[in-house]
>>> print(open('work-v7.pdb').read())   # PDB, C-alpha atoms
ATOM      1  CA  MET Q   1      62.069  49.081  64.731
ATOM      2  CA  LEU Q   2      58.354  49.189  65.514
ATOM      3  CA  SER Q   3      57.247  47.978  62.075
ATOM      4  CA  GLU Q   4      57.894  44.380  61.133
ATOM      5  CA  PRO Q   5      60.816  44.023  58.700
ATOM      6  CA  ARG Q   6      59.999  42.364  55.405
ATOM      7  CA  SER Q   7      62.799  39.890  56.024
ATOM      8  CA  GLY Q   8      61.062  38.929  59.268
ATOM      9  CA  ARG Q   9      57.764  38.237  57.525
ATOM     10  CA  LEU Q  10      59.476  36.197  54.814
ATOM     11  CA  ALA Q  11      61.484  34.140  57.287
ATOM     12  CA  ALA Q  12      58.616  33.575  59.721
ATOM     13  CA  TRP Q  13      56.020  32.524  57.165
ATOM     14  CA  GLY Q  14      58.590  30.750  55.008
ATOM     15  CA  ASN Q  15      59.551  28.651  58.026
ATOM     16  CA  ALA Q  16      55.897  27.877  58.696
ATOM     17  CA  LEU Q  17      55.534  26.771  55.068
ATOM     18  CA  LEU Q  18      58.671  24.620  55.180
ATOM     19  CA  ALA Q  19      57.306  22.944  58.318
ATOM     20  CA  GLY Q  20      53.987  22.211  56.600
ATOM     21  CA  LEU Q  21      52.019  24.413  59.016
ATOM     22  CA  VAL Q  22      50.530  26.783  56.420
ATOM     23  CA  SER Q  23      49.619  26.619  52.750
ATOM     24  CA  PRO Q  24      51.724  28.338  50.088
ATOM     25  CA  ASP Q  25      48.917  30.821  49.397
ATOM     26  CA  ASP Q  26      48.553  31.762  53.067
ATOM     27  CA  ALA Q  27      52.317  32.132  53.493
ATOM     28  CA  VAL Q  28      52.703  34.368  50.439
ATOM     29  CA  THR Q  29      49.716  36.515  51.418
ATOM     30  CA  ALA Q  30      51.219  37.073  54.867
ATOM     31  CA  VAL Q  31      54.657  37.895  53.470
ATOM     32  CA  ILE Q  32      53.360  40.424  50.937
ATOM     33  CA  GLY Q  33      51.186  42.156  53.512
ATOM     34  CA  GLU Q  34      50.234  45.621  52.270
ATOM     35  CA  ASP Q  35      52.738  45.575  49.393
ATOM     36  CA  ALA Q  36      51.494  45.117  45.844
ATOM     37  CA  VAL Q  37      53.797  42.311  44.749
ATOM     38  CA  HIS Q  38      57.005  40.499  45.677
ATOM     39  CA  ARG Q  39      59.330  38.855  43.162
ATOM     40  CA  VAL Q  40      62.611  36.977  43.475
ATOM     41  CA  GLU Q  41      65.448  37.718  41.047
ATOM     42  CA  GLY Q  42      68.571  35.618  40.481
ATOM     43  CA  LEU Q  43      67.098  32.338  41.695
ATOM     44  CA  PRO Q  44      69.159  29.382  40.399
ATOM     45  CA  GLY Q  45      67.508  27.875  37.353
ATOM     46  CA  GLU Q  46      65.403  30.956  36.585
ATOM     47  CA  SER Q  47      66.382  33.495  33.930
ATOM     48  CA  ALA Q  48      63.833  36.099  35.051
ATOM     49  CA  PRO Q  49      62.214  37.216  38.309
ATOM     50  CA  VAL Q  50      59.588  34.816  39.668
ATOM     51  CA  GLY Q  51      56.761  35.091  42.173
ATOM     52  CA  LEU Q  52      57.144  34.157  45.827
ATOM     53  CA  THR Q  53      55.150  30.928  45.561
ATOM     54  CA  LEU Q  54      57.449  29.521  42.895
ATOM     55  CA  ALA Q  55      60.528  30.912  44.642
ATOM     56  CA  LEU Q  56      59.748  29.294  47.992
ATOM     57  CA  GLY Q  57      59.083  25.972  46.286
ATOM     58  CA  ARG Q  58      62.328  26.212  44.353
ATOM     59  CA  LEU Q  59      64.302  27.090  47.492
ATOM     60  CA  ARG Q  60      62.885  24.001  49.200
ATOM     61  CA  ALA Q  61      63.928  21.887  46.207
ATOM     62  CA  LEU Q  62      67.412  23.409  46.391
ATOM     63  CA  GLY Q  63      67.743  22.188  49.978
ATOM     64  CA  ALA Q  64      66.487  25.085  52.084
ATOM     65  CA  SER Q  65      65.490  23.646  55.463
ATOM     66  CA  GLY Q  66      64.952  26.911  57.336
ATOM     67  CA  LEU Q  67      65.077  30.667  56.940
ATOM     68  CA  ARG Q  68      66.799  33.079  59.291
ATOM     69  CA  ILE Q  69      67.198  36.845  59.131
ATOM     70  CA  ALA Q  70      69.928  39.434  59.440
ATOM     71  CA  LEU Q  71      69.391  43.049  60.529
ATOM     72  CA  PRO Q  72      72.838  44.603  60.028
ATOM     73  CA  ALA Q  73      73.809  48.201  60.665
ATOM     74  CA  PRO Q  74      77.096  50.056  60.073
ATOM     75  CA  GLY Q  75      79.727  48.458  62.276
ATOM     76  CA  HIS Q  76      77.365  45.668  63.327
ATOM     77  CA  PRO Q  77      76.963  42.785  60.817
ATOM     78  CA  LEU Q  78      74.159  41.241  62.861
ATOM     79  CA  GLY Q  79      73.108  37.863  61.499
ATOM     80  CA  LEU Q  80      75.458  37.881  58.508
ATOM     81  CA  SER Q  81      78.026  35.230  57.600
ATOM     82  CA  GLY Q  82      79.412  36.496  54.272
ATOM     83  CA  PRO Q  83      80.633  36.661  51.599
ATOM     84  CA  PRO Q  84      81.383  40.416  51.254
ATOM     85  CA  GLU Q  85      79.120  40.951  48.229
ATOM     86  CA  PHE Q  86      76.095  39.642  50.098
ATOM     87  CA  ASN Q  87      77.015  41.477  53.276
ATOM     88  CA  THR Q  88      77.323  44.763  51.395
ATOM     89  CA  ARG Q  89      73.887  44.407  49.824
ATOM     90  CA  ALA Q  90      72.350  43.373  53.136
ATOM     91  CA  LEU Q  91      73.926  46.330  54.908
ATOM     92  CA  GLU Q  92      72.527  48.721  52.294
ATOM     93  CA  ALA Q  93      69.041  47.245  52.748
ATOM     94  CA  GLU Q  94      69.517  46.886  56.538
ATOM     95  CA  GLU Q  95      67.992  43.412  56.343
ATOM     96  CA  ALA Q  96      68.276  40.046  54.613
ATOM     97  CA  VAL Q  97      67.086  36.438  54.701
ATOM     98  CA  ILE Q  98      69.515  33.512  54.726
ATOM     99  CA  CYS Q  99      68.386  30.080  53.510
ATOM    100  CA  GLU Q 100      69.825  27.349  55.718
ATOM    101  CA  GLY Q 101      70.872  24.294  53.711
ATOM    102  CA  ALA Q 102      70.817  26.048  50.347
ATOM    103  CA  ALA Q 103      73.752  28.492  50.724
ATOM    104  CA  LEU Q 104      71.583  31.281  49.337
ATOM    105  CA  GLY Q 105      70.455  34.631  50.692
ATOM    106  CA  LEU Q 106      67.728  37.104  49.761
ATOM    107  CA  VAL Q 107      68.024  40.889  50.026
ATOM    108  CA  PRO Q 108      64.955  43.081  49.409
ATOM    109  CA  GLU Q 109      64.897  46.110  47.156
ATOM    110  CA  VAL Q 110      61.790  48.252  47.545
ATOM    111  CA  TYR Q 111      60.231  50.337  44.771
ATOM    112  CA  GLU Q 112      57.319  52.740  44.705
ATOM    113  CA  ALA Q 113      55.297  52.661  41.501
ATOM    114  CA  GLY Q 114      52.111  54.157  40.122
ATOM    115  CA  PRO Q 115      50.706  57.655  39.571
ATOM    116  CA  ALA Q 116      50.407  60.270  42.293
ATOM    117  CA  GLY Q 117      47.597  59.389  44.640
ATOM    118  CA  ASP Q 118      47.754  55.714  43.714
ATOM    119  CA  VAL Q 119      51.316  54.751  44.630
ATOM    120  CA  HIS Q 120      51.960  51.125  45.520
ATOM    121  CA  VAL Q 121      55.006  49.247  46.780
ATOM    122  CA  GLU Q 122      56.780  46.503  44.857
ATOM    123  CA  VAL Q 123      59.589  44.392  46.295
ATOM    124  CA  VAL Q 124      62.314  42.513  44.438
ATOM    125  CA  TRP Q 125      64.311  40.015  46.466
ATOM    126  CA  HIS Q 126      67.810  39.584  45.056
ATOM    127  CA  CYS Q 127      69.037  36.006  45.468
ATOM    128  CA  LEU Q 128      72.795  35.676  46.058
ATOM    129  CA  PRO Q 129      75.214  33.008  47.310
ATOM    130  CA  VAL Q 130      76.010  33.074  51.025
ATOM    131  CA  ARG Q 131      78.684  31.458  53.149
ATOM    132  CA  GLU Q 132      77.446  28.625  55.335
ATOM    133  CA  ALA Q 133      78.838  29.707  58.680
ATOM    134  CA  PRO Q 134      77.496  30.758  62.100
ATOM    135  CA  PRO Q 135      75.703  34.129  61.892
ATOM    136  CA  ALA Q 136      77.360  37.113  63.536
ATOM    137  CA  ASP Q 137      76.337  38.239  67.044
ATOM    138  CA  VAL Q 138      72.954  36.478  67.330
ATOM    139  CA  PRO Q 139      71.977  35.725  70.954
ATOM    140  CA  SER Q 140      69.780  32.923  72.230
ATOM    141  CA  LEU Q 141      66.202  33.762  73.136
ATOM    142  CA  GLY Q 142      67.053  33.629  76.821
ATOM    143  CA  GLU Q 143      70.015  35.950  76.382
ATOM    144  CA  ALA Q 144      67.956  38.340  74.266
ATOM    145  CA  GLU Q 145      65.180  38.496  76.846
ATOM    146  CA  ARG Q 146      67.586  39.258  79.681
ATOM    147  CA  GLU Q 147      69.459  41.865  77.627
ATOM    148  CA  LEU Q 148      66.207  43.595  76.625
ATOM    149  CA  ALA Q 149      64.954  43.859  80.182
ATOM    150  CA  GLU Q 150      68.263  45.299  81.360
ATOM    151  CA  ALA Q 151      68.593  47.711  78.431
ATOM    152  CA  LEU Q 152      65.043  48.965  78.851
ATOM    153  CA  ARG Q 153      65.517  49.547  82.570
ATOM    154  CA  ASP Q 154      68.861  51.311  82.244
ATOM    155  CA  ALA Q 155      67.880  53.458  79.256
ATOM    156  CA  THR Q 156      64.572  54.498  80.801
ATOM    157  CA  ALA Q 157      66.313  55.544  84.000
ATOM    158  CA  LEU Q 158      68.973  57.521  82.161
ATOM    159  CA  LEU Q 159      66.604  59.201  79.720
ATOM    160  CA  SER Q 160      64.223  60.139  82.516
ATOM    161  CA  ARG Q 161      67.062  61.578  84.585
ATOM    162  CA  LEU Q 162      68.130  63.720  81.656
ATOM    163  CA  ASP Q 163      64.507  64.620  80.835
ATOM    164  CA  LEU Q 164      65.020  63.092  77.407
ATOM    165  CA  ALA Q 165      62.442  60.341  77.284
ATOM    166  CA  GLY Q 166      60.219  62.444  75.013
ATOM    167  CA  SER Q 167      56.932  64.138  75.718
ATOM    168  CA  GLY Q 168      54.204  66.060  73.983
ATOM    169  CA  PRO Q 169      51.779  65.164  71.188
ATOM    170  CA  VAL Q 170      54.297  63.392  68.923
ATOM    171  CA  ALA Q 171      55.375  60.972  71.645
ATOM    172  CA  GLU Q 172      51.809  60.476  72.837
ATOM    173  CA  ALA Q 173      50.617  59.728  69.281
ATOM    174  CA  ALA Q 174      53.388  57.165  68.791
ATOM    175  CA  ILE Q 175      52.551  55.402  72.037
ATOM    176  CA  ASP Q 176      48.809  55.452  71.284
ATOM    177  CA  ALA Q 177      49.457  53.986  67.830
ATOM    178  CA  TYR Q 178      51.477  51.149  69.338
ATOM    179  CA  ARG Q 179      48.771  50.382  71.901
ATOM    180  CA  ALA Q 180      46.051  50.414  69.243
ATOM    181  CA  ARG Q 181      48.084  48.044  67.088
ATOM    182  CA  ALA Q 182      48.583  45.645  69.978
ATOM    183  CA  GLU Q 183      44.898  45.730  70.878
ATOM    184  CA  ARG Q 184      43.886  44.731  67.360
ATOM    185  CA  GLY Q 185      45.221  41.270  68.162
ATOM    186  CA  ARG Q 186      47.665  41.144  65.274
ATOM    187  CA  GLU Q 187      49.400  37.820  64.835
ATOM    188  CA  VAL Q 188      53.018  37.982  65.927
ATOM    189  CA  LEU Q 189      55.445  35.746  64.029
ATOM    190  CA  ALA Q 190      53.786  32.708  62.407
ATOM    191  CA  PRO Q 191      52.555  29.220  63.343
ATOM    192  CA  GLY Q 192      55.283  27.020  64.797
ATOM    193  CA  TYR Q 193      57.155  29.660  66.792
ATOM    194  CA  PRO Q 194      57.635  29.113  70.548
ATOM    195  CA  PRO Q 195      55.735  31.442  72.899
ATOM    196  CA  ARG Q 196      59.009  32.812  74.240
ATOM    197  CA  ALA Q 197      59.916  34.045  70.747
ATOM    198  CA  VAL Q 198      56.628  35.952  70.554
ATOM    199  CA  ARG Q 199      57.309  37.477  73.966
ATOM    200  CA  VAL Q 200      60.848  38.500  73.023
ATOM    201  CA  LEU Q 201      59.731  40.033  69.732
ATOM    202  CA  GLU Q 202      56.970  42.038  71.405
ATOM    203  CA  LEU Q 203      59.423  43.313  74.033
ATOM    204  CA  ALA Q 204      61.938  44.206  71.308
ATOM    205  CA  GLN Q 205      59.222  46.212  69.548
ATOM    206  CA  ARG Q 206      58.395  48.056  72.772
ATOM    207  CA  VAL Q 207      62.069  48.859  73.243
ATOM    208  CA  GLY Q 208      62.164  50.009  69.626
ATOM    209  CA  LEU Q 209      59.253  52.321  70.367
ATOM    210  CA  LEU Q 210      61.233  53.947  73.160
ATOM    211  CA  VAL Q 211      64.199  54.457  70.836
ATOM    212  CA  SER Q 212      61.995  55.893  68.077
ATOM    213  CA  VAL Q 213      60.184  58.311  70.363
ATOM    214  CA  ALA Q 214      63.382  59.480  72.034
ATOM    215  CA  SER Q 215      65.181  59.839  68.694
ATOM    216  CA  GLU Q 216      62.447  61.514  66.673
ATOM    217  CA  ASN Q 217      60.759  63.738  69.216
ATOM    218  CA  GLY Q 218      63.317  66.547  69.163
ATOM    219  CA  PRO Q 219      65.905  67.223  71.832
ATOM    220  CA  GLY Q 220      63.413  66.851  74.700
ATOM    221  CA  GLY Q 221      64.712  68.614  77.781
ATOM    222  CA  ALA Q 222      68.326  68.635  76.592
ATOM    223  CA  VAL Q 223      69.732  72.137  76.592
ATOM    224  CA  SER Q 224      73.388  71.410  76.029
ATOM    225  CA  ALA Q 225      75.489  69.512  73.543
ATOM    226  CA  SER Q 226      76.689  67.197  76.305
ATOM    227  CA  GLU Q 227      73.104  66.245  77.225
ATOM    228  CA  ILE Q 228      72.194  65.612  73.602
ATOM    229  CA  ALA Q 229      75.310  63.448  73.280
ATOM    230  CA  ALA Q 230      74.293  61.595  76.436
ATOM    231  CA  ARG Q 231      70.914  60.780  74.870
ATOM    232  CA  ALA Q 232      72.555  59.415  71.718
ATOM    233  CA  GLU Q 233      75.009  57.392  73.781
ATOM    234  CA  ALA Q 234      72.172  55.936  75.850
ATOM    235  CA  LEU Q 235      70.095  54.981  72.810
ATOM    236  CA  ARG Q 236      72.852  53.367  70.751
ATOM    237  CA  PRO Q 237      73.248  50.167  72.792
ATOM    238  CA  VAL Q 238      69.490  49.976  73.361
ATOM    239  CA  GLU Q 239      68.793  50.027  69.628
ATOM    240  CA  ARG Q 240      71.454  47.360  69.066
ATOM    241  CA  THR Q 241      69.993  45.179  71.804
ATOM    242  CA  ALA Q 242      66.509  45.462  70.282
ATOM    243  CA  ARG Q 243      67.787  44.465  66.842
ATOM    244  CA  ARG Q 244      69.653  41.485  68.318
ATOM    245  CA  ALA Q 245      66.483  40.383  70.059
ATOM    246  CA  GLN Q 246      64.431  40.654  66.879
ATOM    247  CA  VAL Q 247      66.884  38.429  65.043
ATOM    248  CA  ALA Q 248      66.889  35.931  67.904
ATOM    249  CA  ALA Q 249      63.086  35.775  67.842
ATOM    250  CA  TYR Q 250      62.733  35.298  64.094
ATOM    251  CA  ASN Q 251      65.553  32.734  63.974
ATOM    252  CA  SER Q 252      64.433  30.790  67.042
ATOM    253  CA  VAL Q 253      62.302  28.253  65.202
ATOM    254  CA  VAL Q 254      65.306  27.303  63.050
ATOM    255  CA  VAL Q 255      67.492  26.945  66.140
ATOM    256  CA  GLU Q 256      64.788  24.956  67.957
ATOM    257  CA  ARG Q 257      64.526  22.473  65.104
ATOM    258  CA  GLY Q 258      68.271  21.980  65.230
ATOM    259  CA  VAL Q 259      68.715  23.235  61.665
ATOM    260  CA  ARG Q 260      72.324  24.123  60.913
TER     261      ARG Q 260
END
>>> encode(input="work-v7.pdb", output="structure tokens")
Amino acid sequence: MLSEPRSGRLAAWGNALLAGLVSPDDAVTAVIGEDAVHRVEGLPGESAPVGLTLALGRLRALGASGLRIALPAPGHPLGLSGPPEFNTRALEAEEAVICEGAALGLVPEVYEAGPAGDVHVEVVWHCLPVREAPPADVPSLGEAERELAEALRDATALLSRLDLAGSGPVAEAAIDAYRARAERGREVLAPGYPPRAVRVLELAQRVGLLVSVASENGPGGAVSASEIAARAEALRPVERTARRAQVAAYNSVVVERGVR
């Protein structure tokens, strides 16, 4: 949850490009990030994978007026609208981008390539038809912000009471890494997003940090199966709330423009 999903980068910077706020080169550079290359496969009119610059231009020509994301998990098709083939792929990848106005969706497949010691990451986005329908379970920014604040408060109280919030060098390193990343002044989202979306995304990432630390830092103070189960039960709705908020933040610029 702490790291930015590739679908988020593609949607955010793709929306900035569609709005004329950034150049194609700047958008593609931001989307690729630390990966080596991104290609799009299955784009209508193309018989072979193409680069992101061409793909974004083609999607615009095909009618794409905005990009939104989905972050589904088992039992929670967050942001999806079908059909089943697309939903299945998106669920396997745990993320996807949906092109509003073009009835197309993009699902990333990530590969590692290169010799040992010089491994790089390549991404292929599979382009598939999607159903033009309201996305599943996506809150408004206001709803997401309220839900995050409540989930963070309740989960922190419960985890602290059970002595499960996580402690020791692993937790401390994770928190220090988050603080260092924030202090570097990294750009959140992309030009054109409302300040509230930035605030919601940052809060969702902080909530995600809590979930990651509590999940990955061993059983904490839990000494019984019931206490361990209580931790898992506490974290499940928190993680879902954070994912919902991320989707709301990335999709907010599309909603704000009135794109349907």
>>> residues_around(input="work-v7.pdb", residues="Ser65 in chain Q", least_positions_apart="6", cutoff="12 Å", atoms="only C-alpha atoms", output="VMD selection string")
chain Q and resid 11 14 to 20 56 to 59 98 to 104 253 to 255 257 to 260
>>> resolve_selection(input="work-v7.pdb", expression="the PyMOL selection byres ((chain Q and resi 186-203) around 9)", output="ChimeraX atom specification")
/Q:8-9,12-13,15-16,19,21-22,141-142,144-145,148-149,181-185,204-208,242,245-253,256
>>> residues_around(input="work-v7.pdb", residues="Val123 in chain Q", least_positions_apart="2", cutoff="12 Å", atoms="all atoms listed in the file", output="PyMOL selection string")
chain Q and resi 6-7+10+31-41+49-52+93+106-113+120-121+125-126
>>> atom_distance(input="work-v7.pdb", atom1="CA of Pro135 in chain Q", atom2="CA of Thr241 in chain Q")
15.9 Å
>>> atom_distance(input="work-v7.pdb", atom1="CA of Val130 in chain Q", atom2="CA of Ala30 in chain Q")
25.4 Å
>>> closest_residue(input="work-v7.pdb", among="Q:Pro44, Q:Ala70, Q:Ala61, Q:Ala157", to="Cys127 in chain Q", atoms="all atoms listed in the file")
Q:Pro44
>>> atom_distance(input="work-v7.pdb", atom1="CA of Leu235 in chain Q", atom2="CA of Gly79 in chain Q")
20.7 Å
